[in-house]
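Okay, query.cif is below, mmCIF, C-alpha atoms:
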```cif
data_entry
loop_
_atom_site.label_atom_id
_atom_site.label_comp_id
_atom_site.auth_asym_id
_atom_site.auth_seq_id
_atom_site.Cartn_x
_atom_site.Cartn_y
_atom_site.Cartn_z
CA MET A 1 8.24 21.94 -103.83
CA ALA A 2 6.87 21.51 -100.30
CA HIS A 3 3.11 21.84 -99.78
CA GLY A 4 1.56 23.34 -96.63
CA GLY A 5 -1.82 23.88 -95.03
CA MET A 6 -1.95 20.43 -93.41
CA VAL A 7 -0.18 20.54 -90.02
CA TRP A 8 0.87 23.39 -87.75
CA ILE A 9 3.09 23.00 -84.69
CA ASN A 10 3.11 25.87 -82.19
CA ASP A 11 1.25 27.87 -84.89
CA ARG A 12 3.95 27.32 -87.51
CA ASP A 13 3.07 25.54 -90.74
CA LEU A 14 5.56 22.71 -91.30
CA VAL A 15 6.01 23.97 -94.84
CA ASP A 16 8.21 26.68 -93.24
CA PHE A 17 10.81 23.92 -92.75
CA GLY A 18 10.49 22.55 -96.29
CA VAL A 19 8.20 19.76 -95.05
CA THR A 20 5.28 18.16 -96.88
CA VAL A 21 3.07 16.01 -94.64
CA ARG A 22 2.10 12.80 -96.44
CA ARG A 23 0.10 11.19 -93.63
CA ALA A 24 -0.80 12.04 -90.04
CA GLY A 25 -1.33 8.76 -88.20
CA GLY A 26 -3.14 8.67 -84.85
CA VAL A 27 -4.97 11.97 -85.32
CA LEU A 28 -8.34 10.27 -85.89
CA GLY A 29 -9.82 6.94 -84.92
CA GLU A 30 -8.95 4.36 -82.29
CA MET A 31 -5.80 4.57 -80.20
CA SER A 32 -3.75 2.14 -78.17
CA VAL A 33 -4.50 2.14 -74.45
CA THR A 34 -1.57 1.98 -72.01
CA PRO A 35 -2.89 3.09 -68.60
CA ASP A 36 -0.50 4.49 -65.99
CA LEU A 37 -0.33 2.26 -62.91
CA VAL A 38 0.89 3.32 -59.48
CA ALA A 39 1.86 1.18 -56.49
CA MET A 40 -0.50 1.22 -53.50
CA ALA A 41 1.22 1.68 -50.15
CA GLY A 42 1.00 -1.43 -47.98
CA VAL A 43 -1.10 -3.32 -50.51
CA ALA A 44 -0.07 -5.81 -53.17
CA GLY A 45 -0.84 -4.77 -56.73
CA GLN A 46 -1.27 -1.49 -58.56
CA SER A 47 -3.97 1.07 -59.19
CA LEU A 48 -4.87 3.36 -62.10
CA SER A 49 -3.53 6.87 -61.50
CA SER A 50 -6.19 8.26 -63.85
CA LEU A 51 -8.85 6.41 -65.80
CA ASP A 52 -8.99 8.65 -68.86
CA LEU A 53 -6.13 11.11 -69.05
CA SER A 54 -3.35 8.56 -68.45
CA ILE A 55 -3.85 6.89 -71.83
CA LYS A 56 -0.82 7.18 -74.11
CA ARG A 57 -1.64 8.23 -77.67
CA PRO A 58 1.14 8.05 -80.26
CA LEU A 59 1.05 10.37 -83.28
CA THR A 60 3.18 9.51 -86.31
CA MET A 61 3.55 11.86 -89.28
CA ARG A 62 4.96 10.66 -92.56
CA VAL A 63 6.81 13.63 -94.05
CA ASN A 64 9.03 14.57 -96.93
CA VAL A 65 11.74 17.23 -96.60
CA GLU A 66 13.04 18.85 -99.78
CA GLY A 67 16.24 20.84 -100.20
CA THR A 68 17.98 22.44 -103.15
CA THR A 69 21.31 20.78 -102.31
CA GLY A 70 22.53 18.13 -99.90
CA ALA A 71 23.69 20.82 -97.50
CA ASP A 72 20.34 22.63 -97.74
CA TYR A 73 18.45 19.40 -97.00
CA GLN A 74 20.57 18.68 -93.93
CA ALA A 75 20.18 22.26 -92.71
CA LYS A 76 16.38 22.01 -93.00
CA VAL A 77 16.30 18.72 -91.09
CA GLU A 78 18.54 20.17 -88.38
CA ARG A 79 16.34 23.26 -88.09
CA LEU A 80 13.18 21.13 -87.93
CA LEU A 81 14.55 18.84 -85.21
CA TYR A 82 15.76 21.81 -83.16
CA PHE A 83 12.25 23.28 -83.34
CA LEU A 84 10.54 20.02 -82.36
CA ARG A 85 12.72 19.51 -79.28
CA ASN A 86 11.48 22.67 -77.56
CA GLY A 87 9.34 21.01 -74.87
CA THR A 88 5.55 20.70 -75.05
CA LEU A 89 4.14 21.21 -78.54
CA GLU A 90 0.68 22.19 -79.77
CA ILE A 91 -0.08 20.19 -82.91
CA ARG A 92 -2.96 21.42 -85.06
CA THR A 93 -4.22 19.78 -88.25
CA ALA A 94 -6.42 20.86 -91.13
CA HIS A 95 -9.05 18.40 -89.87
CA ASP A 96 -10.12 20.76 -87.03
CA ALA A 97 -8.33 24.05 -86.49
CA ALA A 98 -10.19 24.72 -83.22
CA TYR A 99 -8.48 21.82 -81.39
CA VAL A 100 -4.84 20.87 -80.84
CA PHE A 101 -2.87 17.93 -79.49
CA LEU A 102 -0.50 18.64 -76.59
CA ALA A 103 2.49 16.41 -77.27
CA ARG A 104 6.22 15.83 -77.02
CA PHE A 105 8.52 14.88 -79.88
CA THR A 106 10.02 11.39 -79.44
CA GLY A 107 12.10 10.80 -82.58
CA THR A 108 12.43 10.66 -86.34
CA SER A 109 13.41 8.28 -89.12
CA LEU A 110 14.33 11.03 -91.61
CA PRO A 111 17.45 9.80 -93.39
CA ILE A 112 20.87 11.37 -92.98
CA ALA A 113 22.99 8.73 -94.73
CA ASP A 114 26.01 8.44 -97.00
CA PRO A 115 26.65 9.98 -99.38
CA GLN A 116 25.34 12.90 -97.31
CA TRP A 117 26.41 15.58 -99.75
CA LEU A 118 24.22 14.09 -102.50
CA ASN A 119 20.91 13.77 -100.59
CA THR A 120 18.68 16.70 -101.56
CA SER A 121 15.46 15.23 -100.09
CA GLY A 122 14.33 12.55 -97.70
CA GLU A 123 11.15 10.86 -96.47
CA GLY A 124 10.58 9.51 -92.97
CA ASP A 125 8.45 9.66 -89.84
CA LEU A 126 8.14 12.26 -87.09
CA ALA A 127 7.00 10.54 -83.88
CA PHE A 128 5.16 12.21 -80.98
CA GLU A 129 3.48 11.10 -77.77
CA THR A 130 0.58 13.09 -76.43
CA ILE A 131 0.54 14.52 -72.91
CA VAL A 132 -3.27 14.46 -72.98
CA PRO A 133 -4.72 11.69 -75.18
CA TYR A 134 -7.59 13.73 -76.64
CA PRO A 135 -7.69 16.89 -78.78
CA VAL A 136 -7.76 20.02 -76.58
CA GLU A 137 -9.50 23.31 -77.28
CA ARG A 138 -7.00 25.67 -78.86
CA THR A 139 -8.57 28.64 -77.05
CA GLY A 140 -10.04 27.89 -73.63
CA LEU A 141 -13.01 29.43 -71.84
CA SER A 142 -13.08 31.61 -68.71
CA TYR A 143 -15.74 31.99 -66.02
CA ALA A 144 -16.02 34.19 -62.94
CA ILE A 145 -17.50 33.36 -59.54
CA THR A 146 -18.26 36.74 -57.98
CA THR A 147 -20.63 35.63 -55.21
CA ALA A 148 -19.81 33.00 -52.61
CA GLY A 149 -22.18 30.18 -51.74
CA ASN A 150 -25.15 28.67 -53.54
CA ALA A 151 -26.18 31.98 -55.14
CA GLY A 152 -22.86 32.23 -56.99
CA ARG A 153 -22.77 28.75 -58.52
CA ILE A 154 -21.70 28.57 -62.15
CA ARG A 155 -22.11 25.84 -64.72
CA ILE A 156 -18.98 24.41 -66.37
CA PRO A 157 -19.58 23.19 -69.94
CA SER A 158 -17.72 20.00 -70.82
CA GLY A 159 -16.57 18.43 -74.03
CA SER A 160 -17.24 14.78 -74.86
CA ALA A 161 -14.04 13.90 -72.93
CA PRO A 162 -12.72 15.20 -69.57
CA THR A 163 -12.12 18.97 -69.31
CA LEU A 164 -8.84 20.54 -68.15
CA ILE A 165 -9.56 23.06 -65.39
CA ALA A 166 -7.64 25.64 -63.36
CA ALA A 167 -8.95 28.06 -60.74
CA SER A 168 -7.64 31.27 -59.19
CA ILE A 169 -9.21 32.02 -55.80
CA ARG A 170 -8.87 35.62 -54.63
CA GLY A 171 -9.52 36.98 -51.16
CA VAL A 172 -11.37 40.15 -50.14
CA THR A 173 -10.65 43.19 -48.01
CA GLY A 174 -10.43 42.00 -44.42
CA GLY A 175 -9.45 38.50 -45.53
CA ILE A 176 -11.17 35.15 -45.92
CA ASN A 177 -10.42 31.83 -44.27
CA ASN A 178 -10.09 28.38 -45.81
CA PRO A 179 -11.74 28.99 -49.22
CA MET A 180 -13.23 25.87 -50.76
CA LEU A 181 -14.39 24.89 -54.25
CA VAL A 182 -17.28 22.43 -54.42
CA LEU A 183 -18.23 20.46 -57.53
CA TYR A 184 -21.87 19.36 -58.06
CA ASP A 185 -23.40 17.33 -60.84
CA ASP A 186 -26.08 18.83 -63.07
CA LEU A 187 -28.79 17.76 -60.59
CA GLY A 188 -27.08 19.49 -57.65
CA VAL A 189 -25.56 16.39 -56.01
CA LYS A 190 -22.21 17.14 -54.36
CA LEU A 191 -19.31 15.28 -56.01
CA ASN A 192 -16.08 16.80 -54.68
CA GLU A 193 -14.63 19.41 -52.34
CA PHE A 194 -11.24 21.09 -52.57
CA GLN A 195 -10.21 23.40 -49.73
CA CYS A 196 -7.17 25.61 -49.28
CA THR A 197 -6.38 25.81 -45.57
CA TYR A 198 -5.28 29.40 -45.07
CA THR A 199 -6.32 32.24 -42.78
CA GLY A 200 -6.64 35.85 -43.92
CA LEU A 201 -6.48 35.70 -47.72
CA GLY A 202 -6.66 39.39 -48.68
CA ALA A 203 -8.02 41.28 -51.67
CA THR A 204 -4.68 41.31 -53.50
CA ASP A 205 -3.77 37.70 -52.64
CA TYR A 206 -4.79 34.55 -54.47
CA PHE A 207 -4.28 30.82 -54.87
CA THR A 208 -4.01 29.22 -58.32
CA ILE A 209 -4.99 25.54 -58.54
CA ASP A 210 -4.09 23.51 -61.62
CA PHE A 211 -6.32 20.47 -61.25
CA TYR A 212 -4.82 18.53 -64.16
CA GLY A 213 -1.20 19.41 -63.33
CA ARG A 214 -1.93 18.76 -59.64
CA ARG A 215 -0.16 21.80 -58.28
CA ILE A 216 -1.01 24.91 -56.28
CA THR A 217 0.72 28.28 -56.21
CA LYS A 218 0.01 31.30 -54.03
CA SER A 219 0.56 34.99 -54.58
CA LEU A 220 0.89 36.96 -51.32
CA SER A 221 1.78 40.66 -51.57
CA GLY A 222 2.93 40.05 -55.14
CA VAL A 223 5.29 37.17 -54.29
CA VAL A 224 4.43 33.88 -56.06
CA THR A 225 5.52 30.60 -54.45
CA ALA A 226 4.54 26.93 -54.46
CA ALA A 227 1.72 26.17 -52.04
CA ASP A 228 0.95 22.46 -52.28
CA ASP A 229 0.89 22.32 -48.47
CA VAL A 230 -2.37 24.31 -48.27
CA ARG A 231 -4.45 21.47 -49.76
CA ARG A 232 -6.70 20.06 -47.05
CA VAL A 233 -5.74 16.53 -46.06
CA GLY A 234 -7.90 14.03 -47.93
CA ASP A 235 -8.98 16.40 -50.70
CA ARG A 236 -8.18 15.30 -54.24
CA PHE A 237 -7.60 17.25 -57.44
CA PHE A 238 -10.80 16.62 -59.37
CA SER A 239 -11.74 16.79 -63.03
CA VAL A 240 -14.84 17.92 -64.88
CA ARG A 241 -16.29 15.06 -66.94
CA PRO A 242 -19.24 14.83 -69.33
CA GLN A 243 -20.70 12.04 -67.15
CA GLN A 244 -21.25 14.58 -64.36
CA GLY A 245 -24.04 16.05 -66.47
CA ASP A 246 -25.69 15.22 -69.76
CA TRP A 247 -23.32 16.19 -72.55
CA GLU A 248 -25.79 15.46 -75.35
CA SER A 249 -28.45 17.79 -73.95
CA GLY A 250 -26.00 20.42 -72.67
CA SER A 251 -26.83 19.94 -68.98
CA TRP A 252 -23.61 20.81 -67.15
CA CYS A 253 -22.18 20.37 -63.67
CA TYR A 254 -21.86 23.24 -61.17
CA LEU A 255 -18.92 24.81 -59.37
CA GLU A 256 -19.39 26.74 -56.11
CA LEU A 257 -16.98 28.78 -53.95
CA SER A 258 -17.34 29.03 -50.17
CA ALA A 259 -15.72 32.48 -49.76
CA GLY A 260 -14.02 35.17 -51.85
CA LYS A 261 -14.03 35.28 -55.64
CA ALA A 262 -12.69 32.92 -58.30
CA TRP A 263 -11.75 32.86 -61.96
CA ILE A 264 -12.11 29.49 -63.66
CA ARG A 265 -10.25 28.61 -66.87
CA THR A 266 -11.10 25.51 -68.87
CA ARG A 267 -9.98 23.76 -72.02
CA ARG A 268 -12.45 21.17 -73.22
CA LEU A 269 -11.40 17.85 -74.72
CA LYS A 270 -13.25 15.70 -77.21
CA PHE A 271 -13.29 12.07 -78.29
CA VAL A 272 -12.24 11.43 -81.89
#
```

Now that the file is in, can you turn its structure into structure tokens?
Amino acid sequence: MAHGGMVWINDRDLVDFGVTVRRAGGVLGEMSVTPDLVAMAGVAGQSLSSLDLSIKRPLTMRVNVEGTTGADYQAKVERLLYFLRNGTLEIRTAHDAAYVFLARFTGTSLPIADPQWLNTSGEGDLAFETIVPYPVERTGLSYAITTAGNAGRIRIPSGSAPTLIAASIRGVTGGINNPMLVLYDDLGVKLNEFQCTYTGLGATDYFTIDFYGRRITKSLSGVVTAADDVRRVGDRFFSVRPQQGDWESGSWCYLELSAGKAWIRTRRLKFV
């Protein structure tokens, strides 16, 4: 009989597929470090595309699948593999239900071997590779910037690892020009600027900036389209990191908007 309560994927307990998880490797402790390198135009050598979030973290789960007959076992394995191949997965474990791993399924060693019609159970590995190497908050946090300029600054709490952040910048009646987000450390020192070069952003229009995914969309009169071309030349997608404040004491960095209003959504990450 399969036993559950250990691992959930996309909020489904693996016991639903007749799976008992024997071991979940890579969930805790040290991980291998394979940084992503990118070529530098006109220069020999390569550069890190991201210092922290480019690390590849493999997760390997040792599982047992039980069926009542050979055909039932094969049907359960087929159903499990179909489920795991549905794009990005959220993997949650009994260790900490408030955090998940964002990962993709990369393969299995579950046996389907002769004589197939006699195998009623099998043990093997389910292999995954994380999209983000650290556990991510299952439910993110939201903040509103309702006043432009210094008076409307908000603090952005961080986890012990970099924080995923997205922002929606909305215009006002009469329109705003070239709205800009500015990131400051906890002492008020400017760290980054990110400006959307656009004239006349109205009260029903907005830009959405996914800083981790490095993409921008715009909604004008209810029509949503890609808008990567509005990013000011030289501005970079930034991240919120615990080093920009003092994570241990809870002293956080600031985010400020030059014009309009903004809604900020975050999902904190943590080292384990």

Exercise for review: Identify which of the residues A:Asn192, A:Asn178, A:Ser249, A:Thr139 lies closest to Arg265 of chain A, counting all atoms listed in the file when measuring atom-to-atom distances.
Suggested key: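 So, comparing all the options, the nearest one is A:Thr139.
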
Exercise for review: Just give me the gap between atom CA of Thr120 of chain A and atom CA of Val65 of chain A in Å, one decimal is fine.
Suggested key: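 Result for atom CA of Thr120 of chain A versus atom CA of Val65 of chain A: 8.5 Å, one decimal.
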
Got a sec to resolve the PyMOL selection byres ((chain A and resi 149) around 6) on this structure and send the residues as a JSON list (two decimals) with C-alpha atoms, keeping the file's coordinate frame?
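So the final result, stored in result.json, reads:
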```
[["chain", "number", "residue", "atom", "x", "y", "z"],
["A", 148, "ALA", "CA", -19.81, 33.00, -52.61],
["A", 150, "ASN", "CA", -25.15, 28.67, -53.54],
["A", 151, "ALA", "CA", -26.18, 31.98, -55.14],
["A", 152, "GLY", "CA", -22.86, 32.23, -56.99],
["A", 257, "LEU", "CA", -16.98, 28.78, -53.95],
["A", 258, "SER", "CA", -17.34, 29.03, -50.17]]
```

Check your understanding: Using all atoms listed in the file, which residues sit within 10 Å of segment 163-167 of chain A once same-chain residues fewer than 5 positions away are excluded, as a PyMOL selection string?
Key -> chain A and resi 53+132+136-137+140-144+156-158+181+206-216+238-242+262-270

Exercise for review: State, in Å with one decimal place, the distance from atom CA of His3 of chain A to atom CA of Tyr134 of chain A.
Suggested key: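 Computed distance, atom CA of His3 of chain A to atom CA of Tyr134 of chain A, equals 26.8 Å.
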
Exercise for review: Please write as a VMD selection string the list of polymer residues whose atoms come within 10 Å of (8.4, 12.2, -81.2), counting all atoms listed in the file and keeping to the coordinates of the file.
Suggested key: chain A and resid 58 to 61 81 84 to 85 103 to 108 125 to 130

Practice item. Please tell me which residues are no farther than 8 Å from (-21.9, 14.4, -72.9) in the file, counting all atoms listed in the file, and write them as a ChimeraX atom specification. Key: /A:158-161,242-243,245-250

Hey, what's within 9 Å of Val21 of chain A if we count all atoms listed in the file and toss same-chain stuff fewer than 5 positions away? As a PDB file with C-alpha atoms, in the frame of the given file, please?
```pdb
ATOM      1  CA  ALA A   2       6.870  21.510-100.300  1.00  0.00           C
ATOM      2  CA  HIS A   3       3.110  21.840 -99.780  1.00  0.00           C
ATOM      3  CA  GLY A   4       1.560  23.340 -96.630  1.00  0.00           C
ATOM      4  CA  MET A   6      -1.950  20.430 -93.410  1.00  0.00           C
ATOM      5  CA  VAL A   7      -0.180  20.540 -90.020  1.00  0.00           C
ATOM      6  CA  LEU A  14       5.560  22.710 -91.300  1.00  0.00           C
ATOM      7  CA  VAL A  15       6.010  23.970 -94.840  1.00  0.00           C
ATOM      8  CA  MET A  61       3.550  11.860 -89.280  1.00  0.00           C
ATOM      9  CA  ARG A  62       4.960  10.660 -92.560  1.00  0.00           C
ATOM     10  CA  VAL A  63       6.810  13.630 -94.050  1.00  0.00           C
ATOM     11  CA  ASN A  64       9.030  14.570 -96.930  1.00  0.00           C
ATOM     12  CA  VAL A  65      11.740  17.230 -96.600  1.00  0.00           C
TER      13      VAL A  65
END
```
